[in-house]
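Below is run16.cif, which holds mmCIF, C-alpha atoms.
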```cif
data_run
#
loop_
_atom_site.label_atom_id
_atom_site.label_comp_id
_atom_site.auth_asym_id
_atom_site.auth_seq_id
_atom_site.Cartn_x
_atom_site.Cartn_y
_atom_site.Cartn_z
CA MET A 16 0.00 0.00 0.00
CA THR A 17 2.69 2.48 1.04
CA ASN A 18 4.83 1.60 -1.96
CA ASN A 19 1.87 1.85 -4.30
CA LEU A 20 1.12 5.36 -3.13
CA ASP A 21 4.83 6.32 -3.33
CA THR A 22 5.15 5.34 -6.98
CA PHE A 23 1.65 6.53 -7.83
CA PHE A 24 2.03 10.06 -6.42
CA GLY A 25 5.56 10.26 -7.84
CA ALA A 26 4.20 9.31 -11.26
CA ILE A 27 1.52 12.00 -11.31
CA SER A 28 3.77 14.75 -9.90
CA ASP A 29 4.78 15.52 -13.52
CA PRO A 30 2.55 17.64 -15.82
CA THR A 31 3.29 15.59 -18.96
CA ARG A 32 2.32 12.38 -17.18
CA ARG A 33 -0.84 13.97 -15.74
CA ALA A 34 -1.77 15.13 -19.27
CA VAL A 35 -1.40 11.52 -20.49
CA ILE A 36 -3.70 10.30 -17.70
CA GLU A 37 -6.24 13.04 -18.52
CA ARG A 38 -6.24 11.93 -22.17
CA LEU A 39 -6.46 8.21 -21.32
CA ALA A 40 -9.40 8.76 -18.95
CA GLU A 41 -11.37 9.43 -22.15
CA GLY A 42 -10.30 6.13 -23.69
CA PRO A 43 -7.28 4.12 -24.92
CA ALA A 44 -4.96 5.78 -27.43
CA PRO A 45 -1.96 4.84 -29.57
CA VAL A 46 1.43 6.16 -28.41
CA SER A 47 1.69 8.47 -31.46
CA GLU A 48 -1.56 10.22 -30.55
CA LEU A 49 -0.54 10.54 -26.89
CA HIS A 50 2.83 11.99 -27.88
CA ALA A 51 1.50 14.48 -30.49
CA PRO A 52 0.48 17.37 -28.14
CA HIS A 53 3.80 17.27 -26.27
CA ASP A 54 6.78 19.24 -27.53
CA ILE A 55 9.34 16.67 -26.41
CA ALA A 56 11.31 13.96 -28.23
CA LEU A 57 9.64 10.55 -28.54
CA PRO A 58 12.30 8.72 -26.44
CA THR A 59 11.77 11.24 -23.62
CA PHE A 60 8.02 10.77 -23.92
CA MET A 61 8.44 6.97 -23.82
CA LYS A 62 10.29 7.35 -20.50
CA HIS A 63 7.24 9.14 -19.08
CA LEU A 64 5.03 6.28 -20.29
CA LYS A 65 7.37 3.78 -18.62
CA VAL A 66 7.09 5.64 -15.30
CA LEU A 67 3.28 5.49 -15.56
CA GLU A 68 3.43 1.79 -16.47
CA ALA A 69 5.81 1.01 -13.57
CA ALA A 70 3.39 2.76 -11.19
CA GLY A 71 0.59 0.53 -12.50
CA LEU A 72 -1.31 3.53 -13.87
CA VAL A 73 -1.32 2.42 -17.50
CA ARG A 74 -0.79 -0.72 -19.51
CA SER A 75 -0.04 -1.02 -23.20
CA GLU A 76 -0.31 -3.63 -25.92
CA LYS A 77 1.22 -3.81 -29.38
CA LYS A 78 -0.71 -4.92 -32.45
CA GLY A 79 1.37 -4.83 -35.60
CA ARG A 80 3.21 -1.50 -35.51
CA VAL A 81 0.79 0.28 -33.18
CA ARG A 82 1.18 0.31 -29.40
CA THR A 83 -2.08 1.23 -27.67
CA VAL A 84 -2.10 2.54 -24.11
CA HIS A 85 -4.93 2.02 -21.61
CA ILE A 86 -5.54 3.58 -18.20
CA GLU A 87 -5.69 1.39 -15.07
CA ALA A 88 -8.25 2.86 -12.72
CA ALA A 89 -7.52 1.00 -9.45
CA PRO A 90 -4.50 3.12 -8.36
CA LEU A 91 -6.41 6.34 -9.12
CA ALA A 92 -9.18 5.16 -6.80
CA GLU A 93 -6.69 4.16 -4.09
CA ALA A 94 -4.98 7.57 -4.16
CA GLU A 95 -8.31 9.39 -4.17
CA HIS A 96 -9.34 7.31 -1.16
CA TRP A 97 -6.21 8.34 0.76
CA LEU A 98 -6.79 12.04 0.08
CA ASN A 99 -10.49 11.75 0.83
CA ARG A 100 -9.74 10.07 4.15
CA GLN A 101 -7.36 12.85 5.29
CA ARG A 102 -9.91 15.49 4.34
CA ARG A 103 -12.72 13.74 6.21
CA ILE A 104 -10.61 13.41 9.37
CA TRP A 105 -9.64 17.07 9.13
CA GLU A 106 -13.21 18.24 8.47
CA GLY A 107 -14.48 16.03 11.31
CA ARG A 108 -12.07 17.82 13.61
CA LEU A 109 -13.30 21.23 12.42
CA ASP A 110 -16.90 20.13 13.08
CA ARG A 111 -15.99 19.05 16.62
CA LEU A 112 -14.21 22.38 17.23
CA GLN A 113 -17.27 24.27 16.06
CA LEU A 114 -19.58 22.27 18.34
CA LEU A 115 -17.21 22.96 21.22
CA ALA A 116 -17.17 26.70 20.43
CA GLU A 117 -20.98 26.80 20.30
CA GLN A 118 -21.19 24.91 23.60
CA LEU A 119 -18.75 27.33 25.25
CA GLU A 120 -20.77 30.28 23.93
CA ARG A 121 -23.99 28.89 25.42
CA GLU A 122 -22.35 28.18 28.77
CA THR A 123 -20.90 31.69 29.10
CA LYS A 124 -24.20 33.44 28.27
CA MET B 11 -2.51 25.04 -10.99
CA THR B 12 -0.11 22.71 -12.80
CA ASN B 13 2.79 23.73 -10.57
CA ASN B 14 0.65 23.31 -7.45
CA LEU B 15 -0.16 19.74 -8.37
CA ASP B 16 3.50 19.05 -9.28
CA THR B 17 4.80 20.07 -5.88
CA PHE B 18 1.79 18.66 -4.06
CA PHE B 19 1.98 15.16 -5.55
CA GLY B 20 5.78 15.21 -5.24
CA ALA B 21 5.43 16.10 -1.56
CA ILE B 22 3.06 13.23 -0.75
CA SER B 23 4.99 10.64 -2.78
CA ASP B 24 7.06 9.96 0.37
CA PRO B 25 5.76 7.73 3.21
CA THR B 26 7.25 9.88 6.01
CA ARG B 27 5.58 12.99 4.62
CA ARG B 28 2.26 11.18 4.17
CA ALA B 29 2.48 10.00 7.80
CA VAL B 30 2.95 13.63 8.89
CA ILE B 31 -0.15 14.66 6.91
CA GLU B 32 -2.14 11.78 8.42
CA ARG B 33 -1.15 12.95 11.92
CA LEU B 34 -1.85 16.62 11.20
CA ALA B 35 -5.31 15.85 9.80
CA GLU B 36 -6.21 15.09 13.41
CA GLY B 37 -4.96 18.47 14.60
CA PRO B 38 -1.87 20.70 14.91
CA ALA B 39 1.20 19.22 16.61
CA PRO B 40 4.62 20.38 17.78
CA VAL B 41 7.61 19.29 15.67
CA SER B 42 8.91 17.05 18.48
CA GLU B 43 5.66 15.07 18.55
CA LEU B 44 5.59 14.76 14.76
CA HIS B 45 9.18 13.56 14.71
CA ALA B 46 8.86 11.02 17.57
CA PRO B 47 7.39 8.03 15.62
CA HIS B 48 10.00 8.31 12.84
CA ASP B 49 13.35 6.58 13.16
CA ILE B 50 15.27 9.30 11.35
CA ALA B 51 17.50 12.15 12.53
CA LEU B 52 15.78 15.45 13.34
CA PRO B 53 17.57 17.43 10.57
CA THR B 54 16.38 14.84 8.00
CA PHE B 55 12.88 15.06 9.40
CA MET B 56 12.99 18.87 9.20
CA LYS B 57 13.81 18.57 5.48
CA HIS B 58 10.60 16.57 5.01
CA LEU B 59 8.66 19.29 6.85
CA LYS B 60 10.24 21.92 4.58
CA VAL B 61 9.12 20.00 1.48
CA LEU B 62 5.55 19.91 2.85
CA GLU B 63 5.71 23.62 3.69
CA ALA B 64 7.08 24.52 0.23
CA ALA B 65 4.18 22.57 -1.33
CA GLY B 66 1.75 24.63 0.75
CA LEU B 67 0.54 21.54 2.60
CA VAL B 68 1.53 22.68 6.07
CA ARG B 69 2.41 25.89 7.86
CA SER B 70 4.18 26.28 11.17
CA GLU B 71 4.54 28.92 13.87
CA LYS B 72 6.99 29.24 16.71
CA LYS B 73 6.02 30.28 20.22
CA GLY B 74 8.91 30.39 22.63
CA ARG B 75 10.86 27.18 21.97
CA VAL B 76 8.01 25.19 20.46
CA ARG B 77 7.26 25.14 16.73
CA THR B 78 3.70 23.97 16.03
CA VAL B 79 2.74 22.60 12.62
CA HIS B 80 -0.74 22.91 11.06
CA ILE B 81 -2.21 21.27 7.98
CA GLU B 82 -3.44 23.40 5.05
CA ALA B 83 -6.46 21.73 3.56
CA ALA B 84 -6.85 23.59 0.24
CA PRO B 85 -4.14 21.67 -1.71
CA LEU B 86 -5.53 18.34 -0.45
CA ALA B 87 -8.94 19.29 -1.84
CA GLU B 88 -7.42 20.42 -5.16
CA ALA B 89 -5.54 17.14 -5.63
CA GLU B 90 -8.58 15.11 -4.66
CA HIS B 91 -10.60 17.08 -7.20
CA TRP B 92 -8.10 16.25 -9.97
CA LEU B 93 -8.20 12.52 -9.19
CA ASN B 94 -11.97 12.54 -8.82
CA ARG B 95 -12.33 14.26 -12.19
CA GLN B 96 -10.22 11.63 -14.01
CA ARG B 97 -12.20 8.84 -12.39
CA ARG B 98 -15.54 10.38 -13.32
CA ILE B 99 -14.49 10.83 -16.97
CA TRP B 100 -13.23 7.24 -17.06
CA GLU B 101 -16.36 5.84 -15.40
CA GLY B 102 -18.55 7.93 -17.71
CA ARG B 103 -16.80 6.30 -20.65
CA LEU B 104 -17.39 2.81 -19.19
CA ASP B 105 -21.09 3.65 -18.76
CA ARG B 106 -21.33 4.76 -22.40
CA LEU B 107 -19.57 1.57 -23.54
CA GLN B 108 -22.03 -0.53 -21.57
CA LEU B 109 -25.03 1.30 -23.04
CA LEU B 110 -23.55 0.75 -26.50
CA ALA B 111 -23.03 -2.96 -25.81
CA GLU B 112 -26.63 -3.32 -24.59
CA GLN B 113 -27.90 -1.47 -27.66
CA LEU B 114 -25.88 -3.73 -29.98
CA GLU B 115 -27.22 -6.79 -28.18
CA ARG B 116 -30.82 -5.65 -28.64
CA GLU B 117 -30.27 -4.85 -32.31
CA THR B 118 -28.72 -8.23 -33.09
CA LYS B 119 -31.51 -10.20 -31.36
#
```
In structure tokens, what does this structure look like?
Amino acid sequence: MTNNLDTFFGAISDPTRRAVIERLAEGPAPVSELHAPHDIALPTFMKHLKVLEAAGLVRSEKKGRVRTVHIEAAPLAEAEHWLNRQRRIWEGRLDRLQLLAEQLERETK
Amino acid sequence: MTNNLDTFFGAISDPTRRAVIERLAEGPAPVSELHAPHDIALPTFMKHLKVLEAAGLVRSEKKGRVRTVHIEAAPLAEAEHWLNRQRRIWEGRLDRLQLLAEQLERETK
């Protein structure tokens, strides 16, 4: 779990890699189409894809000369869950503080 | 926005820093208390805190000899929003694919 989140958050800390994920959320795409909007050399772009693949965020398959890349949704959900959990704990604390403040206000009236 | 997410995701790609966020979600804490569960030297730990502070995830204030660290919730919400958005787009696509499959099935009956 810890390692998953390490590699996952590391993978999406880069704007090129987040752009690839944003594109793949809409559906699988060949490498050439994924690369097209990015003003970087193809080998550099392939390194970004490898980071995403190593983090389990995408998988790819080759048919003939075309390699198609797909998103893997499970790590996205796991990371979202972690963030959501921290926010809920934090908001729960704020709610308790507010209740306490209201209680104090009533008691000092 | 892009830079925020870069530094944010980079900051939480480390297990020590995520543990600090998990602790701070429950409320502010002095540096000594945050450091205690981690088997690393204090200067190393302070570097982790600086990364979190640079990413806007925490802020700290010193009173006398005690430095207290607080969580900043806005970047957490922004990152959660990004992940949530990708998942909703991806799930929306799956829903459309399923509708299409059902339609095809009816038409070929």
I'd like the residues picked by the PyMOL selection byres ((chain B and resi 46-63) around 12) written out as a PyMOL selection string, using the chain letters and numbers from the file.
chain B and resi 14+17-31+33-34+39-45+64-71+77-82+85-86
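Put simply, CA of Gln101 (chain A) is 20.5 Å away from CA of Arg98 (chain B).
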Translate the PyMOL selection byres ((chain A and resi 106) around 12), as applied to the file shown, into an explicit residue set as a PyMOL selection string.
(chain A and resi 99-105+107-113) or (chain B and resi 34-37+81-84+86-87)
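Restricting the calculation to all atoms listed in the file, the smallest distance between chain A and any of B:Leu114, B:Val76, B:Leu109, B:Leu15 is found for B:Leu15.
Rounded to one decimal, CA of Ala89 (chain B) and CA of Leu98 (chain A) lie 7.8 Å from each other.
The space separating CA of Glu95 (chain A) from CA of Leu110 (chain B) comes to 28.4 Å.
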Where's the centre, and what are the edge lengths in Å to one decimal, of a box along x, y and z enclosing all listed atoms of region 58-69 of chain A padded 8 Å per side, as AutoDock Vina command-line options?
```
--center_x 7.8 --center_y 6.1 --center_z -20.0 --size_x 25.0 --size_y 26.2 --size_z 28.9
```
Could you model all heavy atoms for region 17-28 of chain A and present them as a short mmCIF file (atom, residue, chain, number, x, y, z; two decimals), in the coordinates of the input?
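Full text of out-v6.cif as output:
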```cif
data_model
loop_
_atom_site.label_atom_id
_atom_site.label_comp_id
_atom_site.auth_asym_id
_atom_site.auth_seq_id
_atom_site.Cartn_x
_atom_site.Cartn_y
_atom_site.Cartn_z
N THR A 17 1.81 1.32 0.97
CA THR A 17 2.69 2.48 1.04
C THR A 17 3.47 2.64 -0.26
O THR A 17 3.51 3.71 -0.83
CB THR A 17 3.68 2.31 2.22
OG1 THR A 17 2.91 2.25 3.42
CG2 THR A 17 4.63 3.48 2.30
N ASN A 18 4.06 1.53 -0.73
CA ASN A 18 4.83 1.60 -1.96
C ASN A 18 3.99 2.00 -3.14
O ASN A 18 4.43 2.77 -3.99
CB ASN A 18 5.51 0.26 -2.24
CG ASN A 18 6.85 0.18 -1.54
OD1 ASN A 18 7.44 1.21 -1.24
ND2 ASN A 18 7.32 -1.02 -1.29
N ASN A 19 2.78 1.46 -3.22
CA ASN A 19 1.87 1.85 -4.30
C ASN A 19 1.69 3.35 -4.34
O ASN A 19 1.80 3.96 -5.40
CB ASN A 19 0.48 1.23 -4.07
CG ASN A 19 0.47 -0.24 -4.40
OD1 ASN A 19 1.48 -0.78 -4.85
ND2 ASN A 19 -0.65 -0.87 -4.17
N LEU A 20 1.39 3.92 -3.17
CA LEU A 20 1.12 5.36 -3.13
C LEU A 20 2.39 6.15 -3.45
O LEU A 20 2.33 7.20 -4.08
CB LEU A 20 0.54 5.76 -1.77
CG LEU A 20 -0.91 5.33 -1.53
CD1 LEU A 20 -1.35 5.69 -0.11
CD2 LEU A 20 -1.86 5.98 -2.53
N ASP A 21 3.56 5.66 -2.99
CA ASP A 21 4.83 6.32 -3.33
C ASP A 21 4.99 6.45 -4.84
O ASP A 21 5.21 7.55 -5.36
CB ASP A 21 6.03 5.49 -2.83
CG ASP A 21 6.26 5.63 -1.34
OD1 ASP A 21 5.37 6.18 -0.65
OD2 ASP A 21 7.31 5.18 -0.87
N THR A 22 4.90 5.31 -5.54
CA THR A 22 5.15 5.34 -6.98
C THR A 22 4.01 6.05 -7.69
O THR A 22 4.23 6.77 -8.66
CB THR A 22 5.33 3.93 -7.57
OG1 THR A 22 4.22 3.12 -7.18
CG2 THR A 22 6.61 3.29 -7.10
N PHE A 23 2.78 5.88 -7.18
CA PHE A 23 1.65 6.53 -7.83
C PHE A 23 1.78 8.05 -7.77
O PHE A 23 1.70 8.74 -8.79
CB PHE A 23 0.33 6.11 -7.16
CG PHE A 23 -0.84 6.84 -7.73
CD1 PHE A 23 -1.50 6.34 -8.84
CD2 PHE A 23 -1.26 8.04 -7.19
CE1 PHE A 23 -2.57 7.04 -9.40
CE2 PHE A 23 -2.33 8.75 -7.74
CZ PHE A 23 -2.98 8.23 -8.85
N PHE A 24 1.96 8.59 -6.54
CA PHE A 24 2.03 10.06 -6.42
C PHE A 24 3.27 10.61 -7.13
O PHE A 24 3.22 11.69 -7.70
CB PHE A 24 2.00 10.48 -4.94
CG PHE A 24 0.64 10.36 -4.30
CD1 PHE A 24 0.47 9.69 -3.10
CD2 PHE A 24 -0.48 10.92 -4.91
CE1 PHE A 24 -0.79 9.59 -2.50
CE2 PHE A 24 -1.75 10.83 -4.31
CZ PHE A 24 -1.89 10.16 -3.12
N GLY A 25 4.37 9.85 -7.08
CA GLY A 25 5.56 10.26 -7.84
C GLY A 25 5.25 10.35 -9.33
O GLY A 25 5.64 11.30 -10.01
N ALA A 26 4.51 9.36 -9.82
CA ALA A 26 4.20 9.31 -11.26
C ALA A 26 3.35 10.50 -11.70
O ALA A 26 3.58 11.06 -12.78
CB ALA A 26 3.49 8.00 -11.60
N ILE A 27 2.39 10.91 -10.87
CA ILE A 27 1.52 12.00 -11.31
C ILE A 27 1.99 13.38 -10.82
O ILE A 27 1.26 14.36 -10.91
CB ILE A 27 0.04 11.78 -10.90
CG1 ILE A 27 -0.11 11.65 -9.39
CG2 ILE A 27 -0.55 10.58 -11.62
CD1 ILE A 27 -1.56 11.77 -8.93
N SER A 28 3.23 13.44 -10.30
CA SER A 28 3.77 14.75 -9.90
C SER A 28 4.36 15.48 -11.11
O SER A 28 4.95 16.55 -10.95
CB SER A 28 4.84 14.57 -8.82
OG SER A 28 5.98 13.94 -9.35
#
```
